[in-house]
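Here is the structure we will look at, set down as structure tokens.
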Amino acid sequence: VSSPPLTVGIVGGGQLGRMLALAGIPLGVRCVCVEPADVAPAAVAADVIRADYGDHAALGELARRCDVVTVELEHVDVDALGWLSERLTVHPAPQIVATVQDRLLEKQALRRAGVATATFAEPSACPTGYPGGTVVKRRLGGFDGRGQLRYDGSADALAAADELGGPCIVEEVVPFDRELSIVAARSVDGSVACYPVVENRHVDGILRETIAPAVAADQATAEELVRNLLSSWGYVGTIGVELFEVDGALLANEVAPRVHNSGHWTIEGSATSQFEQHVRAICGLPLGDVSTVGPSGMVNLLGGWPDPASVLALPHAHLHLYGKAPRPQRKVGHVTVVAPTVGQRDTTMAAVRVLMDVRRSSSSEDAVSAPPCPGGC
Ligand code: ATP
Ligand code: MG
């Protein structure tokens with residue numbers, strides 16, 4: 001891969017593909033996605049080949065049209081990526097995607113790279129779980145907290161694995177103080193740029209909000225951890241590492257071999273977004289400046305979106321809608337807040353939350369919360 005104009009192939013055409021393609025346009029980089037769904041959010045900015053991720057005719061077209069191929073989701077057919085990698089460059093390497101899509105191989109690889117994780121085992125080696133709390137997860141295919149069963153203490157791990165179906169991993173529950181993550185990128189020449197550590201707030205196993213940067217997080221340790229991983233894996237592209245902070249120490253929970261939801265704030269909150277950084281990295285271009293513009297935050301729009309005009313009327317708020325049909329708990333957009341001060345950032349984040357509560361209470365499909373009570377009751 002040399003200099004633009006370049007064409008990047010993306011396996012997947014969802015919102016991450018859309019934001020990657022949008023980031024590529026000013027750089028002279030065009031994207032072509034493979035996506036089986038009827039509606040591909042990436043179609044506004046990329047050509048979309050409508051086919052299964054493993055469809056050979058589609059992959060052949062991708063190989064013909066593109067200079068480099070990447071992924072916007074990890075649950076892809078790794079054999080297809082391997083087939084592509086015999087014809088053109090694939091970043092990150094198919095072997096890395098294969099490793100991180102299997103929670104057992106992922107945790108073993110993290111440990112080999114010297115990265116601490118929760119205690120884990122295969123169900124047969126840990127049939128009664130852990131007395132301090134047990135999570136049984138499917139090794140393959142889970143996301144947004146799906147494919148997991150959680151117990152306060154010990155558990156019948158084999159029965160849980162049966163219920164989940166397919167191979168599973170048993171993990172000890174980490175009594176974390178906060179969930180953090182770090183997004184970083186490594187280019188073809190081995191240079192690395194790390195964004196600030198951010199704090200992530202989940203509801204029902206789904207990322208609800210990100211606060212950037214996280215207050216008083218151990219940036220140096222997180223950076224060392226991710227730099228270690230990137231170089232020992234020979235990784236190229238943007239990566240997201242989810243972390244548990246427990247008594248000040250950091251444990252890695254999982255790795256996303258792609259741009260990450262907790263890095264969406266970088267579109268407005270950083271000199272170079274994680275999407276542009278990924279395009280730069282995989283195309284062999286220099287990495288961009290990762291200076292932060294100001295205190296930032298991101299609110300995921302789950303299940304639907306508030307009145308757009310109300311969001312746009314808020315100072316320091318930036319609306320991103322993905323063009324997806326609303327469905328309960330589905331990520332259909334996000335709002336980024338980048339403000340001159342932490343106080344202004346927090347005020348706008350609170351206002352976005354209220355707008356989402358108003359939306360939820362007025363929508364019949366997933367009315368889960370009580371009506372908002374602006375006066376405080
Ligand atoms: P994602 O949407 O990030 O892809 P996922 O479904 O792949 O999520 P995890 O990130 O492993 O799964 O778990 C989802 C959430 O469940 C975590 O963010 C965390 O809140 C909780 N969790 C998972 N594993 C553990 C653990 N060992 N101890 C404590 N909490 C955990
Ligand atoms: Mg996760």
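Naming works like this for the structure tokens: A, B, ... for the chains as they're shown, residue 1 at the start of each chain, ligands 1 onward in shown order.
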Exercise for the section: Kindly compile the residues surrounding ligand 1 within 10 Å, counting only C-alpha atoms and all ligand atoms, and format them as a ChimeraX atom specification. Expected result: /A:73-74,101,103,117-120,133-150,170-176,178-180,200-207,240-244,251-256,260-262
Give me, as a Markdown table, the closest atom pair and its distance (Å, one decimal) for every residue of segment 198-231 of chain A within a cut-off of 12 Å of segment 187-194 of chain A, counting only C-alpha atoms, rows sorted by chain and rising number.
```
| residue | atom | partner | partner_atom | distance |
| --- | --- | --- | --- | --- |
| A:Val198 | CA | A:Cys194 | CA | 11.4 |
| A:Gln219 | CA | A:Cys194 | CA | 9.4 |
| A:Ala220 | CA | A:Cys194 | CA | 10.3 |
| A:Thr221 | CA | A:Cys194 | CA | 11.8 |
| A:Ala222 | CA | A:Cys194 | CA | 9.3 |
| A:Glu223 | CA | A:Cys194 | CA | 6.6 |
| A:Glu224 | CA | A:Cys194 | CA | 9.8 |
| A:Leu225 | CA | A:Cys194 | CA | 10.9 |
| A:Val226 | CA | A:Cys194 | CA | 8.3 |
| A:Arg227 | CA | A:Val192 | CA | 7.2 |
| A:Asn228 | CA | A:Val192 | CA | 10.5 |
| A:Leu229 | CA | A:Val192 | CA | 11.2 |
| A:Leu230 | CA | A:Val192 | CA | 8.3 |
| A:Ser231 | CA | A:Gly190 | CA | 7.4 |
```
Handout entry: Selected residue, from A:His75, A:Lys107, A:His91, A:His320, that lies nearest to Gly237 of chain A when counting only C-alpha atoms
Key =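 Checking each of A:His75, A:Lys107, A:His91, A:His320 against Gly237 of chain A, counting only C-alpha atoms, the winner is A:His91.
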Handout entry: Neighbour list for Ala23 of chain A as a list in words, cut-off 9 Å, only C-alpha atoms, skip fewer than 4 positions in-chain
Key = Arg18, Met19, Leu27, Val29, Ile267, Ser273, Phe275, Glu276, Gln277 and Val279 of chain A
Kindly export the residues of the current selection with N, CA, C and O atoms, as a PDB file, in the first residue's frame.
```pdb
ATOM      1  N   ARG A  18     -19.280   2.835   8.237  1.00  0.00           N
ATOM      2  CA  ARG A  18     -19.713   4.174   7.792  1.00  0.00           C
ATOM      3  C   ARG A  18     -18.741   5.248   8.268  1.00  0.00           C
ATOM      4  O   ARG A  18     -18.310   6.110   7.507  1.00  0.00           O
ATOM      5  N   MET A  19     -18.375   5.174   9.560  1.00  0.00           N
ATOM      6  CA  MET A  19     -17.494   6.211  10.103  1.00  0.00           C
ATOM      7  C   MET A  19     -16.066   6.072   9.559  1.00  0.00           C
ATOM      8  O   MET A  19     -15.374   7.075   9.365  1.00  0.00           O
ATOM      9  N   LEU A  27      -9.118  12.099   2.846  1.00  0.00           N
ATOM     10  CA  LEU A  27      -7.739  11.642   2.606  1.00  0.00           C
ATOM     11  C   LEU A  27      -7.567  11.072   1.202  1.00  0.00           C
ATOM     12  O   LEU A  27      -6.475  10.632   0.839  1.00  0.00           O
ATOM     13  N   VAL A  29      -9.186   8.377   0.261  1.00  0.00           N
ATOM     14  CA  VAL A  29      -9.299   6.918   0.421  1.00  0.00           C
ATOM     15  C   VAL A  29     -10.763   6.532   0.288  1.00  0.00           C
ATOM     16  O   VAL A  29     -11.614   7.030   1.035  1.00  0.00           O
ATOM     17  N   ILE A 267     -14.040  11.602  17.231  1.00  0.00           N
ATOM     18  CA  ILE A 267     -14.388  12.295  15.975  1.00  0.00           C
ATOM     19  C   ILE A 267     -14.333  13.805  16.190  1.00  0.00           C
ATOM     20  O   ILE A 267     -13.740  14.526  15.395  1.00  0.00           O
ATOM     21  N   SER A 273      -9.353  11.426  14.576  1.00  0.00           N
ATOM     22  CA  SER A 273     -10.309  10.445  15.113  1.00  0.00           C
ATOM     23  C   SER A 273      -9.728   9.043  15.022  1.00  0.00           C
ATOM     24  O   SER A 273      -8.818   8.774  14.235  1.00  0.00           O
ATOM     25  N   PHE A 275     -11.090   6.690  13.624  1.00  0.00           N
ATOM     26  CA  PHE A 275     -11.433   6.167  12.288  1.00  0.00           C
ATOM     27  C   PHE A 275     -10.368   6.600  11.279  1.00  0.00           C
ATOM     28  O   PHE A 275      -9.856   5.790  10.509  1.00  0.00           O
ATOM     29  N   GLU A 276     -10.054   7.910  11.297  1.00  0.00           N
ATOM     30  CA  GLU A 276      -8.987   8.385  10.420  1.00  0.00           C
ATOM     31  C   GLU A 276      -7.673   7.675  10.764  1.00  0.00           C
ATOM     32  O   GLU A 276      -6.908   7.292   9.874  1.00  0.00           O
ATOM     33  N   GLN A 277      -7.436   7.476  12.059  1.00  0.00           N
ATOM     34  CA  GLN A 277      -6.191   6.825  12.492  1.00  0.00           C
ATOM     35  C   GLN A 277      -6.102   5.403  11.936  1.00  0.00           C
ATOM     36  O   GLN A 277      -5.034   4.968  11.497  1.00  0.00           O
ATOM     37  N   VAL A 279      -7.553   4.281   9.185  1.00  0.00           N
ATOM     38  CA  VAL A 279      -7.303   4.389   7.743  1.00  0.00           C
ATOM     39  C   VAL A 279      -5.825   4.700   7.499  1.00  0.00           C
ATOM     40  O   VAL A 279      -5.158   4.070   6.664  1.00  0.00           O
TER      41      VAL A 279
END
```
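Across A:Leu6, A:His318, A:Val290, A:Ser181, the tightest approach to ligand 2 is made by A:Ser181 when counting only C-alpha atoms and all ligand atoms.
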Practice task
Give the answer as one residue: which of A:Ile49, A:Val11, A:Leu81, A:Ala350 has the shortest atom-to-atom distance to Gln95 of chain A, using only C-alpha atoms?
Solution key: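 Of A:Ile49, A:Val11, A:Leu81, A:Ala350, the one nearest Gln95 of chain A is A:Leu81, counting only C-alpha atoms.
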Problem - All alpha helix (DSSP H) positions in segment 198-331 of chain A, as number ranges by chain - result: A: 219-233, 266-269, 274-282, 308-312
How about saving the chosen residues, C-alpha atoms kept, as a compact mmCIF listing (two decimals), in the first residue's frame?
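The result, written out as out00.txt:
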```txt
# COMPACT_ATOMS: atom_id res chain seq x y z
CA GLN A 219 -2.45 6.31 31.58
CA ALA A 220 1.17 5.15 31.72
CA THR A 221 0.29 1.58 32.71
CA ALA A 222 -2.55 1.34 30.19
CA GLU A 223 -0.28 2.62 27.43
CA GLU A 224 2.46 0.19 28.33
CA LEU A 225 -0.08 -2.63 28.28
CA VAL A 226 -1.47 -1.74 24.86
CA ARG A 227 1.97 -1.00 23.37
CA ASN A 228 3.12 -4.43 24.53
CA LEU A 229 0.13 -6.09 22.93
CA LEU A 230 0.44 -4.20 19.66
CA SER A 231 4.11 -4.97 19.22
CA SER A 232 4.02 -8.58 20.43
CA TRP A 233 1.08 -9.31 18.11
CA THR A 266 -12.50 11.12 19.09
CA ILE A 267 -14.39 12.29 15.98
CA GLU A 268 -14.84 15.70 17.57
CA GLY A 269 -12.78 15.31 20.75
CA GLN A 274 -9.86 6.72 15.74
CA PHE A 275 -11.43 6.17 12.29
CA GLU A 276 -8.99 8.38 10.42
CA GLN A 277 -6.19 6.83 12.49
CA HIS A 278 -7.23 3.33 11.40
CA VAL A 279 -7.30 4.39 7.74
CA ARG A 280 -3.87 6.00 8.09
CA ALA A 281 -2.44 2.96 9.89
CA ILE A 282 -3.64 0.27 7.47
CA PRO A 308 -32.65 15.72 16.77
CA ALA A 309 -33.39 19.44 17.06
CA SER A 310 -33.34 19.17 20.85
CA VAL A 311 -29.91 17.54 20.76
CA LEU A 312 -28.59 20.07 18.29
```
Exercise for the section: One decimal, Å: what's the distance from atom CA of Pro213 of chain A over to atom CA of Glu199 of chain A, could you say? Expected result: 7.2 Å
Practice task
May I ask which of the residues A:Ala42, A:Val215, A:Ile96, A:Ala37 is the closest one to Ala21 of chain A, counting only C-alpha atoms?
Solution key: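 Going through A:Ala42, A:Val215, A:Ile96, A:Ala37 one by one, the smallest distance to Ala21 of chain A is for A:Ala42.
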Practice task
Write out as a ChimeraX atom specification each polymer residue whose atoms come within 9 Å of Val335 of chain A, counting only C-alpha atoms; drop sequence neighbours fewer than 2 positions from it.
Solution key: /A:265,297-301,311,317-321,333,337,349,352
Once you have the residues from the selection above, write them out as a CSV table (one decimal), in the first residue's frame, restricted to all heavy atoms.
```
chain,number,residue,atom,x,y,z
A,265,TRP,N,-15.9,9.3,20.6
A,265,TRP,CA,-15.8,10.7,21.0
A,265,TRP,C,-14.6,11.3,20.2
A,265,TRP,O,-14.6,12.6,20.1
A,265,TRP,CB,-15.6,10.8,22.5
A,265,TRP,CG,-14.2,10.1,22.9
A,265,TRP,CD1,-14.0,8.8,23.2
A,265,TRP,CD2,-13.0,10.8,23.1
A,265,TRP,NE1,-12.7,8.6,23.5
A,265,TRP,CE2,-12.0,9.8,23.4
A,265,TRP,CE3,-12.5,12.1,22.9
A,265,TRP,CZ2,-10.7,10.1,23.6
A,265,TRP,CZ3,-11.2,12.4,23.1
A,265,TRP,CH2,-10.3,11.4,23.5
A,297,GLY,N,-17.3,13.5,26.1
A,297,GLY,CA,-18.1,12.4,26.5
A,297,GLY,C,-18.9,11.9,25.4
A,297,GLY,O,-19.1,12.6,24.3
A,298,MET,N,-19.4,10.7,25.5
A,298,MET,CA,-20.3,10.1,24.4
A,298,MET,C,-21.4,9.4,25.1
A,298,MET,O,-21.3,8.6,26.1
A,298,MET,CB,-19.4,9.1,23.6
A,298,MET,CG,-20.0,8.5,22.4
A,298,MET,SD,-20.8,7.0,22.4
A,298,MET,CE,-20.2,6.0,23.7
A,299,VAL,N,-22.6,9.6,24.5
A,299,VAL,CA,-23.8,8.9,25.0
A,299,VAL,C,-24.3,8.0,23.8
A,299,VAL,O,-24.6,8.6,22.7
A,299,VAL,CB,-24.9,9.8,25.4
A,299,VAL,CG1,-26.1,9.1,25.9
A,299,VAL,CG2,-24.4,10.8,26.5
A,300,ASN,N,-24.4,6.7,24.0
A,300,ASN,CA,-24.9,5.9,23.0
A,300,ASN,C,-26.4,6.1,22.9
A,300,ASN,O,-27.1,6.1,23.9
A,300,ASN,CB,-24.7,4.4,23.3
A,300,ASN,CG,-23.4,3.9,22.6
A,300,ASN,OD1,-22.9,4.5,21.6
A,300,ASN,ND2,-22.9,2.8,23.1
A,301,LEU,N,-27.0,6.1,21.7
A,301,LEU,CA,-28.4,6.2,21.5
A,301,LEU,C,-28.9,4.8,21.2
A,301,LEU,O,-28.6,4.2,20.2
A,301,LEU,CB,-28.8,7.1,20.3
A,301,LEU,CG,-28.2,8.5,20.4
A,301,LEU,CD1,-28.6,9.4,19.2
A,301,LEU,CD2,-28.7,9.2,21.7
A,311,VAL,N,-31.3,17.8,20.5
A,311,VAL,CA,-29.9,17.5,20.8
A,311,VAL,C,-29.1,18.7,20.2
A,311,VAL,O,-28.1,19.2,20.8
A,311,VAL,CB,-29.5,16.2,20.1
A,311,VAL,CG1,-28.0,15.9,20.2
A,311,VAL,CG2,-30.3,15.0,20.7
A,317,ALA,N,-22.8,19.8,21.9
A,317,ALA,CA,-23.3,18.4,21.5
A,317,ALA,C,-23.2,18.2,20.0
A,317,ALA,O,-23.5,19.1,19.2
A,317,ALA,CB,-24.7,18.3,22.0
A,318,HIS,N,-22.8,17.0,19.6
A,318,HIS,CA,-22.7,16.6,18.2
A,318,HIS,C,-23.5,15.3,18.0
A,318,HIS,O,-23.2,14.3,18.7
A,318,HIS,CB,-21.2,16.4,17.9
A,318,HIS,CG,-20.4,17.6,18.1
A,318,HIS,ND1,-20.1,18.5,17.2
A,318,HIS,CD2,-19.7,17.9,19.2
A,318,HIS,CE1,-19.3,19.5,17.7
A,318,HIS,NE2,-19.1,19.1,19.0
A,319,LEU,N,-24.4,15.4,17.1
A,319,LEU,CA,-25.3,14.2,16.9
A,319,LEU,C,-24.8,13.3,15.7
A,319,LEU,O,-24.4,13.8,14.7
A,319,LEU,CB,-26.7,14.8,16.5
A,319,LEU,CG,-27.8,13.7,16.2
A,319,LEU,CD1,-28.1,12.8,17.4
A,319,LEU,CD2,-29.1,14.4,15.7
A,320,HIS,N,-24.8,12.0,16.0
A,320,HIS,CA,-24.5,11.0,15.0
A,320,HIS,C,-25.6,10.0,14.9
A,320,HIS,O,-25.8,9.3,15.9
A,320,HIS,CB,-23.2,10.3,15.3
A,320,HIS,CG,-22.0,11.2,15.3
A,320,HIS,ND1,-21.1,11.2,14.3
A,320,HIS,CD2,-21.6,12.1,16.2
A,320,HIS,CE1,-20.1,12.1,14.6
A,320,HIS,NE2,-20.4,12.7,15.8
A,321,LEU,N,-26.3,10.0,13.8
A,321,LEU,CA,-27.3,8.9,13.6
A,321,LEU,C,-26.8,8.0,12.5
A,321,LEU,O,-26.2,8.5,11.5
A,321,LEU,CB,-28.7,9.6,13.2
A,321,LEU,CG,-29.3,10.5,14.2
A,321,LEU,CD1,-30.6,11.2,13.6
A,321,LEU,CD2,-29.7,9.7,15.5
A,333,GLY,N,-27.2,5.3,17.1
A,333,GLY,CA,-26.5,6.6,17.0
A,333,GLY,C,-25.7,6.9,18.3
A,333,GLY,O,-25.7,6.1,19.2
A,337,VAL,N,-20.1,14.9,23.2
A,337,VAL,CA,-20.0,16.3,23.9
A,337,VAL,C,-18.6,16.6,24.0
A,337,VAL,O,-17.8,15.8,24.6
A,337,VAL,CB,-20.7,16.3,25.2
A,337,VAL,CG1,-20.7,17.6,25.9
A,337,VAL,CG2,-22.2,15.8,25.1
A,349,MET,N,-24.0,16.5,29.0
A,349,MET,CA,-24.2,15.0,29.1
A,349,MET,C,-25.6,14.7,29.9
A,349,MET,O,-26.3,13.9,29.5
A,349,MET,CB,-23.1,14.3,29.9
A,349,MET,CG,-21.7,14.4,29.2
A,349,MET,SD,-21.4,13.1,28.0
A,349,MET,CE,-21.3,11.6,29.0
A,352,VAL,N,-28.5,15.4,27.7
A,352,VAL,CA,-28.7,14.3,26.7
A,352,VAL,C,-29.4,13.1,27.3
A,352,VAL,O,-30.3,12.6,26.8
A,352,VAL,CB,-27.4,13.9,26.0
A,352,VAL,CG1,-27.6,12.7,25.1
A,352,VAL,CG2,-26.7,15.0,25.3
```
Problem - Counting only C-alpha atoms and all ligand atoms, the option among A:Thr347, A:Ala313, A:Val100, A:Pro127 closest to ligand 2 - result: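 Of all the options, A:Val100 lies closest to ligand 2.
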Practice task
Go through segment 210-308 of chain A and collect every residue that DSSP, computed from the backbone, puts in strand (DSSP E); the answer should be as a PyMOL selection string.
Solution key: chain A and resi 210-212+237-246+249-256+296-302
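Atom CA of Pro4 of chain A sits 21.0 Å away from atom CA of Leu84 of chain A.
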